[in-house]
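J.: Structure file protein-v2.pdb, PDB, C-alpha atoms, is pasted below:
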ATOM      1  CA  MET A 722     -24.200   5.556  18.415  1.00  0.00           C
ATOM      2  CA  ASN A 723     -22.437   6.026  15.074  1.00  0.00           C
ATOM      3  CA  PHE A 724     -19.295   3.851  14.723  1.00  0.00           C
ATOM      4  CA  ILE A 725     -16.979   6.746  13.823  1.00  0.00           C
ATOM      5  CA  LYS A 726     -18.217   8.828  16.767  1.00  0.00           C
ATOM      6  CA  SER A 727     -17.688   5.915  19.139  1.00  0.00           C
ATOM      7  CA  VAL A 728     -14.084   5.209  18.052  1.00  0.00           C
ATOM      8  CA  THR A 729     -13.135   8.897  18.051  1.00  0.00           C
ATOM      9  CA  ASN A 730     -14.524   9.370  21.564  1.00  0.00           C
ATOM     10  CA  PRO A 731     -11.396   8.878  23.738  1.00  0.00           C
ATOM     11  CA  PHE A 732     -13.289   7.261  26.628  1.00  0.00           C
ATOM     12  CA  LEU A 733     -15.300   4.853  24.450  1.00  0.00           C
ATOM     13  CA  PHE A 734     -12.243   3.967  22.372  1.00  0.00           C
ATOM     14  CA  LYS A 735     -10.262   3.144  25.525  1.00  0.00           C
ATOM     15  CA  LEU A 736     -13.115   0.896  26.672  1.00  0.00           C
ATOM     16  CA  PHE A 737     -13.110  -0.802  23.256  1.00  0.00           C
ATOM     17  CA  LEU A 738      -9.347  -1.386  23.464  1.00  0.00           C
ATOM     18  CA  ILE A 739      -9.519  -2.687  27.037  1.00  0.00           C
ATOM     19  CA  GLN A 740     -12.263  -5.166  26.037  1.00  0.00           C
ATOM     20  CA  LYS A 741     -11.071  -6.214  22.572  1.00  0.00           C
ATOM     21  CA  LEU A 742      -7.367  -5.282  22.208  1.00  0.00           C
ATOM     22  CA  PRO A 743      -5.816  -4.890  25.661  1.00  0.00           C
ATOM     23  CA  LEU A 744      -2.229  -4.854  24.379  1.00  0.00           C
ATOM     24  CA  ALA A 745      -3.118  -1.980  22.038  1.00  0.00           C
ATOM     25  CA  TRP A 746      -4.500  -0.128  25.068  1.00  0.00           C
ATOM     26  CA  ILE A 747      -1.296  -0.780  27.041  1.00  0.00           C
ATOM     27  CA  ALA A 748       0.767   0.428  24.056  1.00  0.00           C
ATOM     28  CA  GLY A 749      -1.332   3.607  23.899  1.00  0.00           C
ATOM     29  CA  LEU A 750      -2.644   3.325  20.334  1.00  0.00           C
ATOM     30  CA  GLN A 751      -4.890   6.232  19.345  1.00  0.00           C
ATOM     31  CA  ILE A 752      -7.217   6.916  16.440  1.00  0.00           C
ATOM     32  CA  VAL A 753      -5.913  10.127  14.855  1.00  0.00           C
ATOM     33  CA  GLU A 754      -8.409  10.240  11.982  1.00  0.00           C
ATOM     34  CA  ILE A 755     -11.109   8.050  10.505  1.00  0.00           C
ATOM     35  CA  ASN A 756     -13.630   8.423   7.708  1.00  0.00           C
ATOM     36  CA  ASN A 757     -15.068   6.045   5.102  1.00  0.00           C
ATOM     37  CA  GLY A 758     -11.887   6.101   3.032  1.00  0.00           C
ATOM     38  CA  LYS A 759      -9.014   6.590   5.455  1.00  0.00           C
ATOM     39  CA  ALA A 760      -7.890   5.793   8.970  1.00  0.00           C
ATOM     40  CA  SER A 761      -4.815   6.984  10.851  1.00  0.00           C
ATOM     41  CA  VAL A 762      -3.519   5.444  14.075  1.00  0.00           C
ATOM     42  CA  GLY A 763      -0.846   6.994  16.278  1.00  0.00           C
ATOM     43  CA  LEU A 764       1.729   5.405  18.545  1.00  0.00           C
ATOM     44  CA  LYS A 765       4.400   6.988  20.746  1.00  0.00           C
ATOM     45  CA  TYR A 766       7.765   5.714  21.869  1.00  0.00           C
ATOM     46  CA  GLY A 767       7.579   4.948  25.577  1.00  0.00           C
ATOM     47  CA  TYR A 768       8.222   2.417  28.298  1.00  0.00           C
ATOM     48  CA  PHE A 769       5.715  -0.165  26.990  1.00  0.00           C
ATOM     49  CA  THR A 770       6.590   0.305  23.301  1.00  0.00           C
ATOM     50  CA  LYS A 771      10.390   0.439  23.390  1.00  0.00           C
ATOM     51  CA  ASN A 772      12.999  -2.082  22.349  1.00  0.00           C
ATOM     52  CA  PRO A 773      16.633  -2.364  23.530  1.00  0.00           C
ATOM     53  CA  PHE A 774      17.744  -0.209  20.565  1.00  0.00           C
ATOM     54  CA  LYS A 775      15.917   2.913  21.819  1.00  0.00           C
ATOM     55  CA  SER A 776      13.230   2.783  19.155  1.00  0.00           C
ATOM     56  CA  LEU A 777       9.660   1.532  18.828  1.00  0.00           C
ATOM     57  CA  TYR A 778       9.403  -2.235  19.025  1.00  0.00           C
ATOM     58  CA  PHE A 779       8.422  -3.665  15.634  1.00  0.00           C
ATOM     59  CA  ALA A 780       5.484  -5.589  17.129  1.00  0.00           C
ATOM     60  CA  CYS A 781       4.007  -2.304  18.374  1.00  0.00           C
ATOM     61  CA  LEU A 782       4.435  -0.832  14.899  1.00  0.00           C
ATOM     62  CA  ALA A 783       2.628  -3.881  13.511  1.00  0.00           C
ATOM     63  CA  MET A 784      -0.256  -3.334  15.966  1.00  0.00           C
ATOM     64  CA  ALA A 785      -0.683   0.267  14.854  1.00  0.00           C
ATOM     65  CA  ALA A 786      -0.449  -0.658  11.165  1.00  0.00           C
ATOM     66  CA  GLU A 787      -2.971  -3.475  11.571  1.00  0.00           C
ATOM     67  CA  LEU A 788      -5.379  -1.237  13.484  1.00  0.00           C
ATOM     68  CA  SER A 789      -5.275   1.478  10.813  1.00  0.00           C
ATOM     69  CA  SER A 790      -6.633  -0.995   8.264  1.00  0.00           C
ATOM     70  CA  GLY A 791      -8.613  -3.068  10.757  1.00  0.00           C
ATOM     71  CA  ILE A 792     -10.644  -0.126  12.000  1.00  0.00           C
ATOM     72  CA  LEU A 793     -11.731   0.470   8.377  1.00  0.00           C
ATOM     73  CA  VAL A 794     -12.688  -3.191   8.093  1.00  0.00           C
ATOM     74  CA  LEU A 795     -14.743  -2.893  11.288  1.00  0.00           C
ATOM     75  CA  LEU A 796     -16.337   0.347  10.075  1.00  0.00           C
ATOM     76  CA  HIS A 797     -17.538  -1.200   6.821  1.00  0.00           C
ATOM     77  CA  VAL A 798     -18.577  -4.474   8.478  1.00  0.00           C
ATOM     78  CA  ASN A 799     -20.627  -2.397  10.915  1.00  0.00           C
ATOM     79  CA  LYS A 800     -22.211  -0.441   8.052  1.00  0.00           C
ATOM     80  CA  SER A 801     -23.124  -3.667   6.223  1.00  0.00           C
ATOM     81  CA  GLY A 802     -25.444  -4.701   9.045  1.00  0.00           C
ATOM     82  CA  LYS A 803     -24.305  -8.315   8.621  1.00  0.00           C
ATOM     83  CA  SER A 804     -22.443 -10.627  10.948  1.00  0.00           C
ATOM     84  CA  ILE A 805     -19.073 -10.988   9.226  1.00  0.00           C
ATOM     85  CA  SER A 806     -15.986 -12.809  10.424  1.00  0.00           C
ATOM     86  CA  THR A 807     -12.667 -11.059   9.806  1.00  0.00           C
ATOM     87  CA  LEU A 808      -9.162 -12.412  10.060  1.00  0.00           C
ATOM     88  CA  VAL A 809      -5.670 -11.253   9.150  1.00  0.00           C
ATOM     89  CA  VAL A 810      -4.307 -14.009   6.894  1.00  0.00           C
ATOM     90  CA  GLN A 811      -1.014 -12.415   5.838  1.00  0.00           C
ATOM     91  CA  MET A 812       1.215  -9.513   6.753  1.00  0.00           C
ATOM     92  CA  GLU A 813       4.376  -8.202   5.117  1.00  0.00           C
ATOM     93  CA  ALA A 814       6.505  -5.388   6.481  1.00  0.00           C
ATOM     94  CA  THR A 815       9.312  -3.218   5.208  1.00  0.00           C
ATOM     95  CA  PHE A 816      11.186  -0.987   7.630  1.00  0.00           C
ATOM     96  CA  HIS A 817      12.852   2.123   6.240  1.00  0.00           C
ATOM     97  CA  LYS A 818      14.003   4.183   9.207  1.00  0.00           C
ATOM     98  CA  LYS A 819      14.424   3.832  12.961  1.00  0.00           C
ATOM     99  CA  ALA A 820      11.052   4.607  14.545  1.00  0.00           C
ATOM    100  CA  THR A 821      11.356   6.981  17.492  1.00  0.00           C
ATOM    101  CA  GLY A 822       9.046   9.615  18.918  1.00  0.00           C
ATOM    102  CA  LYS A 823       5.525   9.512  17.512  1.00  0.00           C
ATOM    103  CA  VAL A 824       4.600   7.445  14.455  1.00  0.00           C
ATOM    104  CA  ILE A 825       1.281   7.678  12.628  1.00  0.00           C
ATOM    105  CA  PHE A 826       0.104   4.902  10.326  1.00  0.00           C
ATOM    106  CA  HIS A 827      -2.231   5.827   7.481  1.00  0.00           C
ATOM    107  CA  CYS A 828      -4.423   3.408   5.549  1.00  0.00           C
ATOM    108  CA  VAL A 829      -6.320   4.906   2.594  1.00  0.00           C
ATOM    109  CA  ASP A 830      -7.966   1.697   1.371  1.00  0.00           C
ATOM    110  CA  GLY A 831     -11.423   2.299   2.826  1.00  0.00           C
ATOM    111  CA  GLU A 832     -13.199   2.279  -0.544  1.00  0.00           C
ATOM    112  CA  LYS A 833     -11.499  -0.986  -1.558  1.00  0.00           C
ATOM    113  CA  ILE A 834     -12.380  -2.500   1.826  1.00  0.00           C
ATOM    114  CA  LYS A 835     -16.008  -1.360   1.492  1.00  0.00           C
ATOM    115  CA  ASN A 836     -16.307  -2.845  -2.014  1.00  0.00           C
ATOM    116  CA  THR A 837     -14.820  -6.171  -0.919  1.00  0.00           C
ATOM    117  CA  ILE A 838     -17.158  -6.437   2.067  1.00  0.00           C
ATOM    118  CA  GLU A 839     -20.120  -5.628  -0.202  1.00  0.00           C
ATOM    119  CA  GLN A 840     -18.945  -8.386  -2.561  1.00  0.00           C
ATOM    120  CA  ALA A 841     -18.771 -10.854   0.353  1.00  0.00           C
ATOM    121  CA  VAL A 842     -22.315  -9.885   1.381  1.00  0.00           C
ATOM    122  CA  ASN A 843     -23.698 -10.064  -2.183  1.00  0.00           C
ATOM    123  CA  THR A 844     -22.065 -13.393  -3.105  1.00  0.00           C
ATOM    124  CA  ASN A 845     -22.152 -14.986   0.371  1.00  0.00           C
ATOM    125  CA  GLU A 846     -18.583 -16.135  -0.349  1.00  0.00           C
ATOM    126  CA  GLY A 847     -15.399 -15.353   1.526  1.00  0.00           C
ATOM    127  CA  GLN A 848     -13.242 -12.594   0.076  1.00  0.00           C
ATOM    128  CA  THR A 849      -9.760 -11.247   0.732  1.00  0.00           C
ATOM    129  CA  ILE A 850      -8.649  -7.629   0.912  1.00  0.00           C
ATOM    130  CA  THR A 851      -5.059  -6.490   0.684  1.00  0.00           C
ATOM    131  CA  SER A 852      -4.514  -3.119   2.320  1.00  0.00           C
ATOM    132  CA  THR A 853      -1.460  -0.968   2.826  1.00  0.00           C
ATOM    133  CA  SER A 854      -0.575   0.950   5.955  1.00  0.00           C
ATOM    134  CA  THR A 855       2.320   3.400   5.903  1.00  0.00           C
ATOM    135  CA  GLY A 856       3.913   4.780   9.051  1.00  0.00           C
ATOM    136  CA  TYR A 857       5.372   8.280   9.192  1.00  0.00           C
ATOM    137  CA  ASN A 858       7.503   9.853  11.903  1.00  0.00           C
ATOM    138  CA  GLU A 859       7.194  13.421  13.197  1.00  0.00           C
ATOM    139  CA  ASN A 860       9.357  14.674  10.295  1.00  0.00           C
ATOM    140  CA  ASN A 861       6.899  13.111   7.815  1.00  0.00           C
ATOM    141  CA  GLU A 862       9.472  10.478   6.826  1.00  0.00           C
ATOM    142  CA  ILE A 863       8.334   6.930   6.081  1.00  0.00           C
ATOM    143  CA  VAL A 864       9.498   4.554   8.794  1.00  0.00           C
ATOM    144  CA  ALA A 865       7.603   1.415   7.733  1.00  0.00           C
ATOM    145  CA  ASN A 866       5.165  -0.038   5.207  1.00  0.00           C
ATOM    146  CA  PHE A 867       2.843  -2.905   6.054  1.00  0.00           C
ATOM    147  CA  ILE A 868       0.797  -4.895   3.579  1.00  0.00           C
ATOM    148  CA  ILE A 869      -2.024  -6.627   5.428  1.00  0.00           C
ATOM    149  CA  THR A 870      -4.321  -9.211   3.870  1.00  0.00           C
ATOM    150  CA  TRP A 871      -7.717  -9.684   5.490  1.00  0.00           C
ATOM    151  CA  SER A 872     -10.218 -12.458   4.972  1.00  0.00           C
ATOM    152  CA  VAL A 873     -13.895 -11.492   5.312  1.00  0.00           C
ATOM    153  CA  LYS A 874     -16.832 -13.886   5.234  1.00  0.00           C
ATOM    154  CA  VAL A 875     -20.499 -13.541   6.114  1.00  0.00           C
ATOM    155  CA  LYS A 876     -21.227 -15.852   9.040  1.00  0.00           C
ATOM    156  CA  SER A 877     -23.786 -18.566   8.431  1.00  0.00           C
ATOM    157  CA  LYS A 878     -26.814 -18.419  10.730  1.00  0.00           C
TER
END
Will you turn the file into structure tokens for me?
T.:
Amino acid sequence: MNFIKSVTNPFLFKLFLIQKLPLAWIAGLQIVEINNGKASVGLKYGYFTKNPFKSLYFACLAMAAELSSGILVLLHVNKSGKSISTLVVQMEATFHKKATGKVIFHCVDGEKIKNTIEQAVNTNEGQTITSTSTGYNENNEIVANFIITWSVKVKSK
């Protein structure tokens, strides 16, 4: 099955989360949109995502931000046909507004991610990708920006 179809199928995506990212499943992360260039991940304020200040816990925001770029990394790794190790090596965050209700993180770095993975495959050397994920509330206001640096390397046989 095509990668995009499998992660946009609610049942298959829940199975993926349960197997690979159980805390993201508990937090209720959802793929809102995905294509070769962009991914959007949604998160709602609720019992498992709250903090004592009646807003979304920053660690849950970080999960959603990381997944919006990470799902693009997985998409392009899958398309490469190679066995590639991936790892978050750095993360920076800036919080702009209290995050309540539903927040959607958008990452539009798919082309940059694709090119970096192709470079790792072509050179057989590890590469890093810096991607940005921006979270918006229901009023389309920015609540947080995350800059996530990934390391990608083709696994040796």
J.: Using Å and a single decimal, report how far CA of Glu754 in chain A sits from CA of Lys835 in chain A.
T.: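 CA of Glu754 in chain A lies 17.4 Å from CA of Lys835 in chain A.
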J.: Rank nothing, just name the residue among A:Ser790, A:Ser776, A:Asn757, A:Ser877 nearest to Lys803 in chain A, using all atoms listed in the file.
T.: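 When distances to Lys803 in chain A are compared using all atoms listed in the file, the smallest one comes from A:Ser877.
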J.: Rank A:Glu813, A:Glu846, A:Glu862, A:Glu832 by their smallest atom-to-atom distance to Ala786 in chain A, using all atoms listed in the file, and report the top residue only.
T.: A:Glu813
J.: Counting all atoms listed in the file, which residues sit no farther than 12 Å from the position (0.1, -11.7, 7.0) in the file's frame? I'd like them as a PyMOL selection string.
T.: chain A and resi 783+786-787+808-814+849-853+867-872
J.: Using Å and a single decimal, report how far CA of Asn723 in chain A sits from CA of Tyr857 in chain A.
T.: 28.5 Å
J.: Any idea what's packed within 12 Å of Val762 in chain A, counting all atoms listed in the file, ignoring anything in its chain fewer than 6 positions away? Could you give it as a ChimeraX atom specification?
T.: /A:728-729,745,748-755,781-793,823-829,854-857
J.: Counting all atoms listed in the file, figure out which residue out of A:Val798, A:Ile805, A:Ala820, A:Leu733 gets nearest to Phe774 in chain A.
T.: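 Checking each of A:Val798, A:Ile805, A:Ala820, A:Leu733 against Phe774 in chain A, counting all atoms listed in the file, the winner is A:Ala820.
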J.: With all atoms listed in the file as the basis for distance, which of A:Thr837, A:Phe816, A:Pro731, A:Lys726 is at the shortest distance from Ala780 in chain A?
T.: A:Phe816
J.: So how far away is CA of Asn866 in chain A from CA of Thr815 in chain A, in Å?
T.: 5.2 Å
J.: Residue by residue, what does the PyMOL selection byres ((chain A and resi 769) around 8) grab here? Present the result as a list of chain:residue names.
T.: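 Applying the PyMOL selection byres ((chain A and resi 769) around 8) to the structure shown produces A:Ile747, A:Ala748, A:Gly767, A:Tyr768, A:Thr770, A:Lys771.
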J.: Got a sec: who's within 9 Å of His817 in chain A, counting only C-alpha atoms, leaving out chain neighbours fewer than 5 positions off, as a PDB file with C-alpha atoms, in the frame of the given file?
T.:
ATOM      1  CA  ILE A 863       8.334   6.930   6.081  1.00  0.00           C
ATOM      2  CA  VAL A 864       9.498   4.554   8.794  1.00  0.00           C
ATOM      3  CA  ALA A 865       7.603   1.415   7.733  1.00  0.00           C
ATOM      4  CA  ASN A 866       5.165  -0.038   5.207  1.00  0.00           C
TER       5      ASN A 866
END
J.: Here is a test: counting only C-alpha atoms, which residue of A:Phe734, A:Ala841, A:Glu859, A:Ile725 is nearest to Lys876 in chain A?
T.: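 Of all the options, A:Ala841 lies closest to Lys876 in chain A.
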J.: Counting only C-alpha atoms, I want the residues whose atoms come within 12 Å of (-25.2, -5.0, 9.4) in the file frame, returned as a PyMOL selection string.
T.: chain A and resi 724+795-805+838-839+842+875-876
J.: Considering all atoms listed in the file, state which residue in the set A:Asn836, A:Leu736, A:Lys741, A:Lys818 is at the smallest distance from Asn861 in chain A.
T.: A:Lys818
